[in-house]
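J.: Right, I'll just put the structure down here and ask away after.
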Amino acid sequence: MKVVLQHLTKIFPSRNKKDKGAEVIAVNDFNLEIPDGKLIGLLGPSGCGKSTTLFMISGLQTPSDGKIFFGEDDVTELAPENRGIGLVFQNYALYPHLTVQQNILFPLQNLKGENRLSKEEMLRRADEVAKLVQIDEYMNRKPSELSGGQQQRVAIARALVKMPRVLLLDEPLSNLDARLRLQTREEIRRIQRDTGITTIFVTHDQEEAMSISDYIVVMKLGVIMQTGKPQWVYDDPANLFVAKFLGTPPINVFTGKVENGYLYIGDEKVLDVGGVEDQEVYVGIRPEGFLLDAEGGLSCKVSGIDVMGRDISVVSTNPNAISPIVRSIISSDEIRNIAGDTVRFKLKEHKVFIFNKETELRVHFGGQIAMHEKMVAEMQAEGQAYTTHTGPLPREADDKVKQDTHVEQKKGFLAKVKGLLPKKKSNEKPVGSTEDKPAEEPQENQPSEE
Amino acid sequence: MTKEKTEKPVLTDEQKKIRRKAIFNRYKAWLYLLPAIVILLIFTVWPIFNTIRMALLKNYDSMKELGGMSFEFGFDNFVSVVHYNKFLTCLGNTMLLTIITVPVSTMLALLVAVALNSIKFLRRAFQTIFFLPYVTNSIAIGMVFMTMFQMIGNINNPVSLGIINSIIEALGGTRVNWVNVGSNYWANITVLAIYIIWNALPFKILVLLGGLQGVNKQYYDAAKVDGASRWRIFWRITVPLLSPMIAYVVITGFIGGFKEYSSIVGIFGDTMGPVGNKGSLNTMVGFIYDNIQENQGRASAAALILFAIILVVTMINLYVSKKKVHY
């Protein structure tokens with residue numbers, strides 16, 4: 001079932017009635033066409049409106065504006081139960097007082113009129129779907145007697161048993177431990193392939209989204225930043241936000257400029273970018289985009305080397321880097337070529353992205369132009385509109401370019417944890433003294449993600 | 001002492017201090033518990049023990065005991081309770097009131113709690129209103145109920161009908177002699193049941209509302225997506241998830257019901273019945289009070305019988321709820 005979202009918008013009214021300005025636009029003019037039978041990952045940091053979008057598709061939240069189509073049917077005004085959706089909640093929402101079997105049967109028992117199934121048929125369907133998700137041995141257990149991964153599969157079974165037209169998953173893996181997460185995401189992929197149900201799932205974990213999605217939709221503050229096949233979005237990010245959001249280790253961002261067809265980081269001429277107008281830019285370089293080369297244009301001060309077996313990760317610093325460290329991944333054979341404090345890198349052209357400093361939008365150059373055009377053409381051939389955000393990027397009031405999303409998030413978390421701990425005796429360091437400022441997590445203000 | 005000490009290793013002052021502290025720490029908990037234990041022993045444990053003792057002594061009288069008289073042991077008091085002519089009336093009234101009021105008030109409280117939980121506007125105001133009976137003296141409420149149901153003046157030609165009868169007549173019904181002279185037993189019981197239910201609601205609403213607010217909203221979202229009707233959501237989701245709270249209010253409701261007394265005093269006065277039919281609405285607790293003056297042994301035996309009844313009913317309740325309560 002094809003799902004089409006047109007101009008979908010959700011505005012949460014301000015909690016404080018006097019202050020009208022405090023209303024939150026959780027989803028802003030969201031347009032997306034999801035082809036039949038695909039697995040789509042809605043991806044973005046917390047508070048970007050991805051769950052709100054999902055709940056609007058499910059019917060649990062009503063859009064402030066816009067339309068939702070399943071195939072040719074306009075379902076915008078339909079109640080959730082009439083939409084033919086299956087929804088898996090973040091914490092599964094399994095009924096604790098019912099057994100696995102009763103949980104799975106519950107949606108079937110609600111069918112009325114001509115849709116009503118005979119008791120045998122209900123049991124047969126429940127068995128079938130339980131086998132599909134491999135929980136048929138636990139049919140008589142209560143949810144509390146199951147592990148997280150098993151509960152998760154029961155939740156999927158309950159969503160699938162009434163044969164929904166669209167399956168929606170809200171952060172389906174966030175409550176699982178790392179190993180189970182890997183396993184379960186493959187499982188979700190398999191179930192989706194087996195059933196062929198159009199599936200939309202929400203996650204803030206880019207790795208999760210990239211690994212199983214046919215297409216990903218990267219969102220920020222309620223606006224689609226970019227859609228496309230995961231690899232394409234990774235290889236051809238439309239703006240600085242997308243470039244920074246995708247990839248582990250994260251992309252290295254430098255301030256630089258383009259002058260006379262050359263890209264400069266600081267005073268160093270690092271790359272030939274013929275055809276690009278002179279401008280101030282941000283330069284994003286993927287960790288795998290560095291080549292150790294004594295003649296290379298970019299010099300960095302080495303502060304450490306992480307050995308990872310096949311590869312090594314060179315941790316270095318550069319005064320023009322926005323993040324405190326520059327991380328590059330190079331083949332471990334090269335380790336003997338690192339001598340002294342300074343390393344010089346040559347850059348791989350297709351791993352270097354430049355973004356206009358004002359708009360933070362991507363500026364393609366050289367071979368990237370042809371690559372970009374090829375991707376757009378391929379995408380259109382598959383019937384999937386290529387979407388990127390072109391206007392000015394949405395920003396929080398104090399949304400300056402963050403040093404490094406991951407480091408920043410970690411810092412915020414640490415500060416929070418520290419704030420929670422009881423204050424130590426006075427002879428110890430005062431709490432939070434190592435932090436330059438209190439934890440700021442502006443994204444958490446939005447009601448869309450509880 | 002000194003000999004013993006020399007056998008032990010010699011302790012420095014510091015070590016002694018630590019030892020004393022360790023000993024203190026070991027018994028510290030008991031020290032803190034002591035005031036509560038003493039009070040409980042005097043005012044709860046001893047009276048219970050004494051009640052049992054009094055019930056098992058023939059013709060017991062505390063004044064005579066103070067005078068040095070001793071009593072024979074026996075079960076005469078229990079026999080006399082059961083054979084006492086008012087006992088069956090009291091037991092019947094108590095059972096009847098409990099069996100009527102507990103289920104009705106629990107159902108009503110559940111409905112009110114669910115309704116309160118699903119509105120946003122004025123919820124706090126309604127919560128306060130529903131909670132008012134709880135903070136009001138039950139005798140005072142009983143007297144208000146009495147005036148609402150009572151007719152003043154000659155029964156056949158009253159000066160005032162009372163508000164309830166006025167409403168009934170305004171709606172085209174015929175007036176009912178609720179509580180006055182010559183009133184019917186079932187009319188009396190109806191008034192009492194209404195009063196007891198109304199009085200029992202706030203606590204139950206409070207407990208159930210608290211339970212409802214603790215229920216994860218996602219269960220309702222999930223049920224909505226699964227297409228469950230409101231009725232089914234109520235019976236298949238809300239009630240089972242609230243079952244621990246429901247069990248709690250039912251059990252405490254039964255216990256409170258068996259101890260019903262002040263409501264009857266509030267409405268009918270300490271005659272425990274309408275004028276001319278003294279004691280017709282008496283309950284078990286009333287029976288105990290009535291007998292305290294006359295025969296302490298019999299009162300104690302009645303108290304023990306009431307205790308046994310409550311115990312058995314609560315055990316049945318717990319047994320049932322173990323099967324029906326879902327976690």
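The way I read the labels, and the way they are meant: chains A, B, ... in the order of the structure tokens, residue 1 as the first residue of every chain, and ligand 1 as the first ligand shown, with later ones counted on from there.
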Once you count only C-alpha atoms, which residues of chain A turn out to be within 9 Å of chain B? Could you give them as a PyMOL selection string?
T.: chain A and resi 58-60+79-89+91-98+106-111+158-159+162
J.: Quick one: everything within 8 Å of B:Ser160, counting only C-alpha atoms, minus sequence neighbours fewer than 4 positions away in the same chain. Send it as a compact mmCIF listing (two decimals) with N, CA and C atoms, in the first residue's frame.
T.:
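Written out: part.txt:
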```txt
# COMPACT_ATOMS: atom_id res chain seq x y z
N MET B 151 -40.54 13.67 57.10
CA MET B 151 -41.71 14.53 57.03
C MET B 151 -41.95 15.10 58.42
N ILE B 152 -42.36 16.36 58.47
CA ILE B 152 -42.59 17.00 59.76
C ILE B 152 -44.09 17.21 59.95
N GLY B 153 -44.56 16.92 61.14
CA GLY B 153 -45.98 17.06 61.44
C GLY B 153 -46.68 15.72 61.34
```
J.: Give me the residues within 7 Å of stretch 70-79 of chain B as a list in words, counting only C-alpha atoms and dropping any in the same chain fewer than 4 places off.
T.: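 Near stretch 70-79 of chain B, the qualifying residues are Ala55, Leu56, Leu57, Lys58, Tyr60, Glu65, His83, Gly297, Arg298 and Ala301 of chain B.
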J.: Give me a file of those residues, with N, CA and C atoms, as a PDB file, in the first residue's frame.
T.:
```
ATOM      1  N   ALA B  55     -14.731 -12.382  76.988  1.00  0.00           N
ATOM      2  CA  ALA B  55     -15.733 -13.188  76.292  1.00  0.00           C
ATOM      3  C   ALA B  55     -15.767 -14.604  76.831  1.00  0.00           C
ATOM      4  N   LEU B  56     -14.620 -15.059  77.354  1.00  0.00           N
ATOM      5  CA  LEU B  56     -14.548 -16.447  77.799  1.00  0.00           C
ATOM      6  C   LEU B  56     -14.827 -16.619  79.291  1.00  0.00           C
ATOM      7  N   LEU B  57     -15.207 -15.545  79.971  1.00  0.00           N
ATOM      8  CA  LEU B  57     -15.498 -15.657  81.400  1.00  0.00           C
ATOM      9  C   LEU B  57     -16.997 -15.524  81.617  1.00  0.00           C
ATOM     10  N   LYS B  58     -17.534 -16.378  82.488  1.00  0.00           N
ATOM     11  CA  LYS B  58     -18.981 -16.368  82.751  1.00  0.00           C
ATOM     12  C   LYS B  58     -19.365 -15.149  83.567  1.00  0.00           C
ATOM     13  N   TYR B  60     -19.083 -12.019  83.363  1.00  0.00           N
ATOM     14  CA  TYR B  60     -17.975 -11.113  83.672  1.00  0.00           C
ATOM     15  C   TYR B  60     -18.484  -9.714  83.942  1.00  0.00           C
ATOM     16  N   GLU B  65     -14.783  -7.428  89.189  1.00  0.00           N
ATOM     17  CA  GLU B  65     -13.423  -7.950  89.145  1.00  0.00           C
ATOM     18  C   GLU B  65     -12.489  -7.065  89.962  1.00  0.00           C
ATOM     19  N   HIS B  83     -28.398 -16.539  71.265  1.00  0.00           N
ATOM     20  CA  HIS B  83     -29.792 -16.703  71.675  1.00  0.00           C
ATOM     21  C   HIS B  83     -30.473 -15.390  71.994  1.00  0.00           C
ATOM     22  N   GLY B 297     -19.371  -9.301  79.082  1.00  0.00           N
ATOM     23  CA  GLY B 297     -18.962 -10.584  78.498  1.00  0.00           C
ATOM     24  C   GLY B 297     -19.660 -10.820  77.187  1.00  0.00           C
ATOM     25  N   ARG B 298     -20.976 -10.533  77.164  1.00  0.00           N
ATOM     26  CA  ARG B 298     -21.742 -10.755  75.938  1.00  0.00           C
ATOM     27  C   ARG B 298     -21.253  -9.805  74.840  1.00  0.00           C
ATOM     28  N   ALA B 301     -18.080 -11.120  73.467  1.00  0.00           N
ATOM     29  CA  ALA B 301     -18.315 -12.283  72.614  1.00  0.00           C
ATOM     30  C   ALA B 301     -18.858 -11.848  71.265  1.00  0.00           C
TER      31      ALA B 301
END
```
J.: Smallest atom-to-atom distance to B:Tyr319: which of B:Leu40, B:Ile197, B:Ile168, B:Ile251, using only C-alpha atoms?
T.: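 Residue with the minimum atom-to-atom distance to B:Tyr319: B:Ile251.
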J.: Please list as a PyMOL selection string every residue within 12 Å of A:Val3, counting only C-alpha atoms and excluding residues in the same chain fewer than 5 positions away.
T.: chain A and resi 31-40+54+57-58+67-76+83+85+165-168+197-200+384
J.: For the selection just defined, write its residues with C-alpha atoms to a file, as a PDB file, in the first residue's frame.
T.:
```pdb
ATOM      1  CA  ASN A  31       5.581  15.870   1.933  1.00  0.00           C
ATOM      2  CA  LEU A  32       6.486  12.279   1.263  1.00  0.00           C
ATOM      3  CA  GLU A  33       5.504   9.481  -1.034  1.00  0.00           C
ATOM      4  CA  ILE A  34       6.254   6.011   0.285  1.00  0.00           C
ATOM      5  CA  PRO A  35       6.200   3.300  -2.378  1.00  0.00           C
ATOM      6  CA  ASP A  36       4.314   0.075  -1.783  1.00  0.00           C
ATOM      7  CA  GLY A  37       6.095  -2.631   0.176  1.00  0.00           C
ATOM      8  CA  LYS A  38       9.085  -0.581   1.238  1.00  0.00           C
ATOM      9  CA  LEU A  39      10.665  -0.126   4.621  1.00  0.00           C
ATOM     10  CA  ILE A  40      11.094   3.528   5.458  1.00  0.00           C
ATOM     11  CA  LEU A  54       4.161   8.444  12.817  1.00  0.00           C
ATOM     12  CA  ILE A  57      -0.146   8.400  10.097  1.00  0.00           C
ATOM     13  CA  SER A  58      -1.587   6.066  12.733  1.00  0.00           C
ATOM     14  CA  LYS A  67      -3.581  15.100   4.057  1.00  0.00           C
ATOM     15  CA  ILE A  68      -2.679  11.445   4.410  1.00  0.00           C
ATOM     16  CA  PHE A  69      -3.440   8.904   1.687  1.00  0.00           C
ATOM     17  CA  PHE A  70      -3.192   5.134   1.862  1.00  0.00           C
ATOM     18  CA  GLY A  71      -3.183   4.162  -1.802  1.00  0.00           C
ATOM     19  CA  GLU A  72      -5.979   6.252  -3.257  1.00  0.00           C
ATOM     20  CA  ASP A  73      -7.951   6.544   0.006  1.00  0.00           C
ATOM     21  CA  ASP A  74      -7.822   9.758   1.942  1.00  0.00           C
ATOM     22  CA  VAL A  75      -7.507   8.543   5.531  1.00  0.00           C
ATOM     23  CA  THR A  76      -6.852  11.918   7.145  1.00  0.00           C
ATOM     24  CA  ARG A  83      -7.161   2.848   8.803  1.00  0.00           C
ATOM     25  CA  ILE A  85      -2.621   0.013  10.441  1.00  0.00           C
ATOM     26  CA  ARG A 165      -2.074  -2.172   5.153  1.00  0.00           C
ATOM     27  CA  VAL A 166       0.704  -0.240   6.820  1.00  0.00           C
ATOM     28  CA  LEU A 167       2.937  -1.232   9.713  1.00  0.00           C
ATOM     29  CA  LEU A 168       4.226   1.543  11.946  1.00  0.00           C
ATOM     30  CA  ILE A 197       3.723  -4.710   4.180  1.00  0.00           C
ATOM     31  CA  THR A 198       4.689  -1.089   3.730  1.00  0.00           C
ATOM     32  CA  THR A 199       6.513  -0.281   6.928  1.00  0.00           C
ATOM     33  CA  ILE A 200       7.464   3.023   8.472  1.00  0.00           C
ATOM     34  CA  GLN A 384      10.481   7.999  -5.427  1.00  0.00           C
TER      35      GLN A 384
END
```
J.: Which residues come within 12 Å of stretch 369-380 of chain A, counting only C-alpha atoms, excluding same-chain residues fewer than 6 positions away, as a list in words?
T.: Glu33, Pro35, Asp214, Tyr215, Gln226, Thr227, Gly228, Lys229, Pro230, Gln231, Trp232, Val233, Tyr234, Asp235, Asp236, Pro237, Ala238, Val273, Gly274, Gly275, Val276, Glu349, His350, Phe353, Arg362, Val363, Tyr386, Thr387 and Thr388 of chain A
J.: Export N, CA and C atoms of the chosen residues as a PDB file, in the first residue's frame?
T.:
```pdb
ATOM      1  N   GLU A  33       6.230  10.545  -0.370  1.00  0.00           N
ATOM      2  CA  GLU A  33       5.504   9.481  -1.034  1.00  0.00           C
ATOM      3  C   GLU A  33       6.253   8.195  -0.750  1.00  0.00           C
ATOM      4  N   PRO A  35       6.642   4.329  -1.434  1.00  0.00           N
ATOM      5  CA  PRO A  35       6.200   3.300  -2.378  1.00  0.00           C
ATOM      6  C   PRO A  35       5.708   2.053  -1.659  1.00  0.00           C
ATOM      7  N   ASP A 214      14.838   0.735   3.268  1.00  0.00           N
ATOM      8  CA  ASP A 214      14.964   0.924   1.829  1.00  0.00           C
ATOM      9  C   ASP A 214      15.229   2.401   1.556  1.00  0.00           C
ATOM     10  N   TYR A 215      14.498   3.229   2.270  1.00  0.00           N
ATOM     11  CA  TYR A 215      14.720   4.667   2.171  1.00  0.00           C
ATOM     12  C   TYR A 215      14.784   5.244   3.569  1.00  0.00           C
ATOM     13  N   GLN A 226      16.296  15.527   4.086  1.00  0.00           N
ATOM     14  CA  GLN A 226      16.677  14.784   2.884  1.00  0.00           C
ATOM     15  C   GLN A 226      16.023  13.411   2.935  1.00  0.00           C
ATOM     16  N   THR A 227      15.669  12.914   1.747  1.00  0.00           N
ATOM     17  CA  THR A 227      15.201  11.536   1.670  1.00  0.00           C
ATOM     18  C   THR A 227      16.061  10.805   0.651  1.00  0.00           C
ATOM     19  N   GLY A 228      16.075   9.503   0.770  1.00  0.00           N
ATOM     20  CA  GLY A 228      16.807   8.748  -0.239  1.00  0.00           C
ATOM     21  C   GLY A 228      17.262   7.414   0.292  1.00  0.00           C
ATOM     22  N   LYS A 229      17.905   6.644  -0.563  1.00  0.00           N
ATOM     23  CA  LYS A 229      18.488   5.389  -0.091  1.00  0.00           C
ATOM     24  C   LYS A 229      19.575   5.721   0.919  1.00  0.00           C
ATOM     25  N   PRO A 230      19.718   4.904   1.934  1.00  0.00           N
ATOM     26  CA  PRO A 230      20.676   5.238   2.995  1.00  0.00           C
ATOM     27  C   PRO A 230      22.064   5.564   2.466  1.00  0.00           C
ATOM     28  N   GLN A 231      22.557   4.745   1.564  1.00  0.00           N
ATOM     29  CA  GLN A 231      23.916   4.967   1.087  1.00  0.00           C
ATOM     30  C   GLN A 231      24.025   6.291   0.331  1.00  0.00           C
ATOM     31  N   TRP A 232      22.971   6.603  -0.424  1.00  0.00           N
ATOM     32  CA  TRP A 232      22.991   7.860  -1.172  1.00  0.00           C
ATOM     33  C   TRP A 232      23.032   9.044  -0.234  1.00  0.00           C
ATOM     34  N   VAL A 233      22.178   8.972   0.778  1.00  0.00           N
ATOM     35  CA  VAL A 233      22.107  10.113   1.691  1.00  0.00           C
ATOM     36  C   VAL A 233      23.446  10.283   2.405  1.00  0.00           C
ATOM     37  N   TYR A 234      24.080   9.148   2.690  1.00  0.00           N
ATOM     38  CA  TYR A 234      25.383   9.206   3.335  1.00  0.00           C
ATOM     39  C   TYR A 234      26.430   9.791   2.381  1.00  0.00           C
ATOM     40  N   ASP A 235      26.371   9.342   1.135  1.00  0.00           N
ATOM     41  CA  ASP A 235      27.390   9.771   0.175  1.00  0.00           C
ATOM     42  C   ASP A 235      27.136  11.155  -0.383  1.00  0.00           C
ATOM     43  N   ASP A 236      25.885  11.593  -0.316  1.00  0.00           N
ATOM     44  CA  ASP A 236      25.559  12.854  -0.966  1.00  0.00           C
ATOM     45  C   ASP A 236      24.648  13.696  -0.070  1.00  0.00           C
ATOM     46  N   PRO A 237      25.134  14.068   1.099  1.00  0.00           N
ATOM     47  CA  PRO A 237      24.270  14.818   2.014  1.00  0.00           C
ATOM     48  C   PRO A 237      23.909  16.186   1.441  1.00  0.00           C
ATOM     49  N   ALA A 238      22.673  16.600   1.654  1.00  0.00           N
ATOM     50  CA  ALA A 238      22.198  17.836   1.041  1.00  0.00           C
ATOM     51  C   ALA A 238      22.602  19.060   1.843  1.00  0.00           C
ATOM     52  N   VAL A 273      38.696  22.607  -6.319  1.00  0.00           N
ATOM     53  CA  VAL A 273      37.237  22.555  -6.453  1.00  0.00           C
ATOM     54  C   VAL A 273      36.821  23.467  -7.603  1.00  0.00           C
ATOM     55  N   GLY A 274      37.425  23.284  -8.736  1.00  0.00           N
ATOM     56  CA  GLY A 274      37.173  24.124  -9.900  1.00  0.00           C
ATOM     57  C   GLY A 274      35.681  24.294 -10.167  1.00  0.00           C
ATOM     58  N   GLY A 275      35.288  25.513 -10.474  1.00  0.00           N
ATOM     59  CA  GLY A 275      33.889  25.764 -10.811  1.00  0.00           C
ATOM     60  C   GLY A 275      33.070  26.322  -9.670  1.00  0.00           C
ATOM     61  N   VAL A 276      33.596  26.245  -8.463  1.00  0.00           N
ATOM     62  CA  VAL A 276      32.836  26.760  -7.321  1.00  0.00           C
ATOM     63  C   VAL A 276      33.195  28.225  -7.104  1.00  0.00           C
ATOM     64  N   GLU A 349      38.289  13.153  -2.989  1.00  0.00           N
ATOM     65  CA  GLU A 349      37.362  14.185  -3.453  1.00  0.00           C
ATOM     66  C   GLU A 349      35.907  13.866  -3.089  1.00  0.00           C
ATOM     67  N   HIS A 350      35.489  12.582  -3.267  1.00  0.00           N
ATOM     68  CA  HIS A 350      34.066  12.275  -3.058  1.00  0.00           C
ATOM     69  C   HIS A 350      33.707  12.130  -1.582  1.00  0.00           C
ATOM     70  N   PHE A 353      32.772  17.242   1.562  1.00  0.00           N
ATOM     71  CA  PHE A 353      31.555  17.974   1.216  1.00  0.00           C
ATOM     72  C   PHE A 353      31.754  19.420   1.625  1.00  0.00           C
ATOM     73  N   ARG A 362      24.620  22.334   0.663  1.00  0.00           N
ATOM     74  CA  ARG A 362      25.730  21.685  -0.018  1.00  0.00           C
ATOM     75  C   ARG A 362      26.102  22.430  -1.289  1.00  0.00           C
ATOM     76  N   VAL A 363      27.396  22.525  -1.560  1.00  0.00           N
ATOM     77  CA  VAL A 363      27.879  23.038  -2.839  1.00  0.00           C
ATOM     78  C   VAL A 363      28.614  21.885  -3.512  1.00  0.00           C
ATOM     79  N   TYR A 386      12.815  12.667  -5.162  1.00  0.00           N
ATOM     80  CA  TYR A 386      13.988  13.037  -4.382  1.00  0.00           C
ATOM     81  C   TYR A 386      13.676  14.346  -3.675  1.00  0.00           C
ATOM     82  N   THR A 387      13.782  14.337  -2.389  1.00  0.00           N
ATOM     83  CA  THR A 387      13.450  15.536  -1.632  1.00  0.00           C
ATOM     84  C   THR A 387      14.657  15.988  -0.841  1.00  0.00           C
ATOM     85  N   THR A 388      14.942  17.251  -0.965  1.00  0.00           N
ATOM     86  CA  THR A 388      15.860  17.828   0.002  1.00  0.00           C
ATOM     87  C   THR A 388      15.269  19.144   0.414  1.00  0.00           C
TER      88      THR A 388
END
```
J.: Where does DSSP see strand (DSSP E or B) in stretch 96-295 of chain B, if you list the residues as a PyMOL selection string?
T.: chain B and resi 152-153+158-160
J.: Please identify all polymer residues within 12 Å of B:Thr94, counting only C-alpha atoms, omitting same-chain residues fewer than 5 positions from it, and present them as an MDAnalysis selection string.
T.: chainID B and resid 87:89 99:102 189 192:193 196 254:261 263:264 280:287 306 309:310
J.: Only N, CA and C atoms, please: the residues just picked out, written as a short mmCIF file (atom, residue, chain, number, x, y, z; two decimals), in the first residue's frame.
T.:
```cif
data_model
loop_
_atom_site.label_atom_id
_atom_site.label_comp_id
_atom_site.auth_asym_id
_atom_site.auth_seq_id
_atom_site.Cartn_x
_atom_site.Cartn_y
_atom_site.Cartn_z
N PHE B 87 -30.11 -10.40 68.28
CA PHE B 87 -28.86 -10.69 67.56
C PHE B 87 -29.09 -10.94 66.08
N LEU B 88 -30.08 -11.75 65.75
CA LEU B 88 -30.29 -12.10 64.34
C LEU B 88 -30.70 -10.88 63.53
N THR B 89 -31.51 -9.99 64.16
CA THR B 89 -31.88 -8.75 63.47
C THR B 89 -30.62 -7.96 63.12
N ILE B 99 -24.09 -6.14 51.71
CA ILE B 99 -24.25 -6.77 50.40
C ILE B 99 -24.84 -5.80 49.39
N ILE B 100 -25.70 -4.89 49.85
CA ILE B 100 -26.25 -3.90 48.91
C ILE B 100 -25.20 -2.84 48.59
N THR B 101 -24.56 -2.29 49.64
CA THR B 101 -23.79 -1.07 49.41
C THR B 101 -22.42 -1.30 48.78
N VAL B 102 -21.75 -2.39 49.12
CA VAL B 102 -20.37 -2.54 48.61
C VAL B 102 -20.33 -2.66 47.08
N ILE B 189 -34.21 0.85 54.90
CA ILE B 189 -32.98 0.29 54.34
C ILE B 189 -32.54 1.06 53.10
N LEU B 192 -30.87 4.23 54.18
CA LEU B 192 -29.55 3.91 54.74
C LEU B 192 -28.56 3.55 53.63
N ALA B 193 -29.03 2.75 52.68
CA ALA B 193 -28.14 2.31 51.61
C ALA B 193 -27.67 3.52 50.80
N ILE B 196 -25.12 5.37 52.89
CA ILE B 196 -23.84 4.67 53.06
C ILE B 196 -23.06 4.67 51.74
N PHE B 254 -16.05 -4.07 52.44
CA PHE B 254 -16.71 -5.11 53.24
C PHE B 254 -16.42 -4.91 54.73
N ILE B 255 -15.15 -4.62 55.02
CA ILE B 255 -14.80 -4.44 56.43
C ILE B 255 -15.57 -3.26 57.01
N GLY B 256 -15.59 -2.14 56.27
CA GLY B 256 -16.33 -0.96 56.73
C GLY B 256 -17.81 -1.25 56.84
N GLY B 257 -18.34 -2.02 55.89
CA GLY B 257 -19.76 -2.32 55.89
C GLY B 257 -20.17 -3.11 57.12
N PHE B 258 -19.34 -4.06 57.50
CA PHE B 258 -19.67 -4.86 58.69
C PHE B 258 -19.58 -4.03 59.97
N LYS B 259 -18.84 -2.92 59.88
CA LYS B 259 -18.71 -2.09 61.07
C LYS B 259 -19.66 -0.89 61.02
N GLU B 260 -20.67 -0.95 60.14
CA GLU B 260 -21.60 0.17 59.99
C GLU B 260 -22.36 0.44 61.29
N TYR B 261 -22.38 1.71 61.68
CA TYR B 261 -23.07 2.06 62.92
C TYR B 261 -23.48 3.52 62.89
N SER B 263 -23.90 5.69 60.64
CA SER B 263 -24.90 6.17 59.68
C SER B 263 -26.31 6.01 60.25
N ILE B 264 -26.53 4.90 60.97
CA ILE B 264 -27.87 4.67 61.52
C ILE B 264 -28.15 5.65 62.66
N SER B 280 -34.98 -1.73 65.21
CA SER B 280 -35.24 -2.55 64.02
C SER B 280 -34.11 -2.47 63.01
N LEU B 281 -33.31 -1.42 63.09
CA LEU B 281 -32.21 -1.27 62.11
C LEU B 281 -30.85 -1.45 62.77
N ASN B 282 -30.84 -2.02 63.95
CA ASN B 282 -29.58 -2.16 64.67
C ASN B 282 -28.60 -3.05 63.90
N THR B 283 -27.31 -2.77 64.10
CA THR B 283 -26.27 -3.55 63.43
C THR B 283 -25.40 -4.25 64.47
N MET B 284 -24.42 -4.98 64.00
CA MET B 284 -23.55 -5.71 64.91
C MET B 284 -22.82 -4.77 65.87
N VAL B 285 -22.29 -3.68 65.35
CA VAL B 285 -21.58 -2.76 66.23
C VAL B 285 -22.55 -2.15 67.24
N GLY B 286 -23.76 -1.85 66.74
CA GLY B 286 -24.79 -1.34 67.64
C GLY B 286 -25.09 -2.34 68.74
N PHE B 287 -25.17 -3.60 68.38
CA PHE B 287 -25.42 -4.67 69.33
C PHE B 287 -24.34 -4.68 70.42
N LEU B 306 -18.16 -10.83 65.42
CA LEU B 306 -18.05 -9.89 64.30
C LEU B 306 -16.66 -10.00 63.66
N ILE B 309 -16.50 -13.03 61.55
CA ILE B 309 -17.22 -12.88 60.28
C ILE B 309 -16.37 -12.07 59.29
N ILE B 310 -15.83 -10.93 59.78
CA ILE B 310 -15.02 -10.09 58.91
C ILE B 310 -13.81 -10.86 58.40
#
```
J.: Would you work out the distance separating atom CA of A:Tyr138 from atom CA of A:Gln152, expressed in Å to one decimal?
T.: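 Interatomic distance here is 12.9 Å.
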J.: Skip B:Phe268 itself and residues of its chain fewer than 6 positions away, then list as a list in words all residues within 8 Å of it, counting only C-alpha atoms.
T.: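 Counting only the stated atoms, we get Met146, Val179 and Pro274 of chain B.
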J.: Any chance you can output those residues with N, CA and C atoms as a PDB file, in the first residue's frame?
T.:
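And here's selection.pdb as it stands now:
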```pdb
ATOM      1  N   MET B 146     -31.366  12.869  57.128  1.00  0.00           N
ATOM      2  CA  MET B 146     -32.630  12.689  57.845  1.00  0.00           C
ATOM      3  C   MET B 146     -33.610  13.783  57.463  1.00  0.00           C
ATOM      4  N   VAL B 179     -38.718   7.610  56.793  1.00  0.00           N
ATOM      5  CA  VAL B 179     -38.086   7.378  58.100  1.00  0.00           C
ATOM      6  C   VAL B 179     -39.020   7.652  59.280  1.00  0.00           C
ATOM      7  N   PRO B 274     -36.781   3.702  63.330  1.00  0.00           N
ATOM      8  CA  PRO B 274     -37.770   4.786  63.322  1.00  0.00           C
ATOM      9  C   PRO B 274     -38.566   4.787  64.624  1.00  0.00           C
TER      10      PRO B 274
END
```
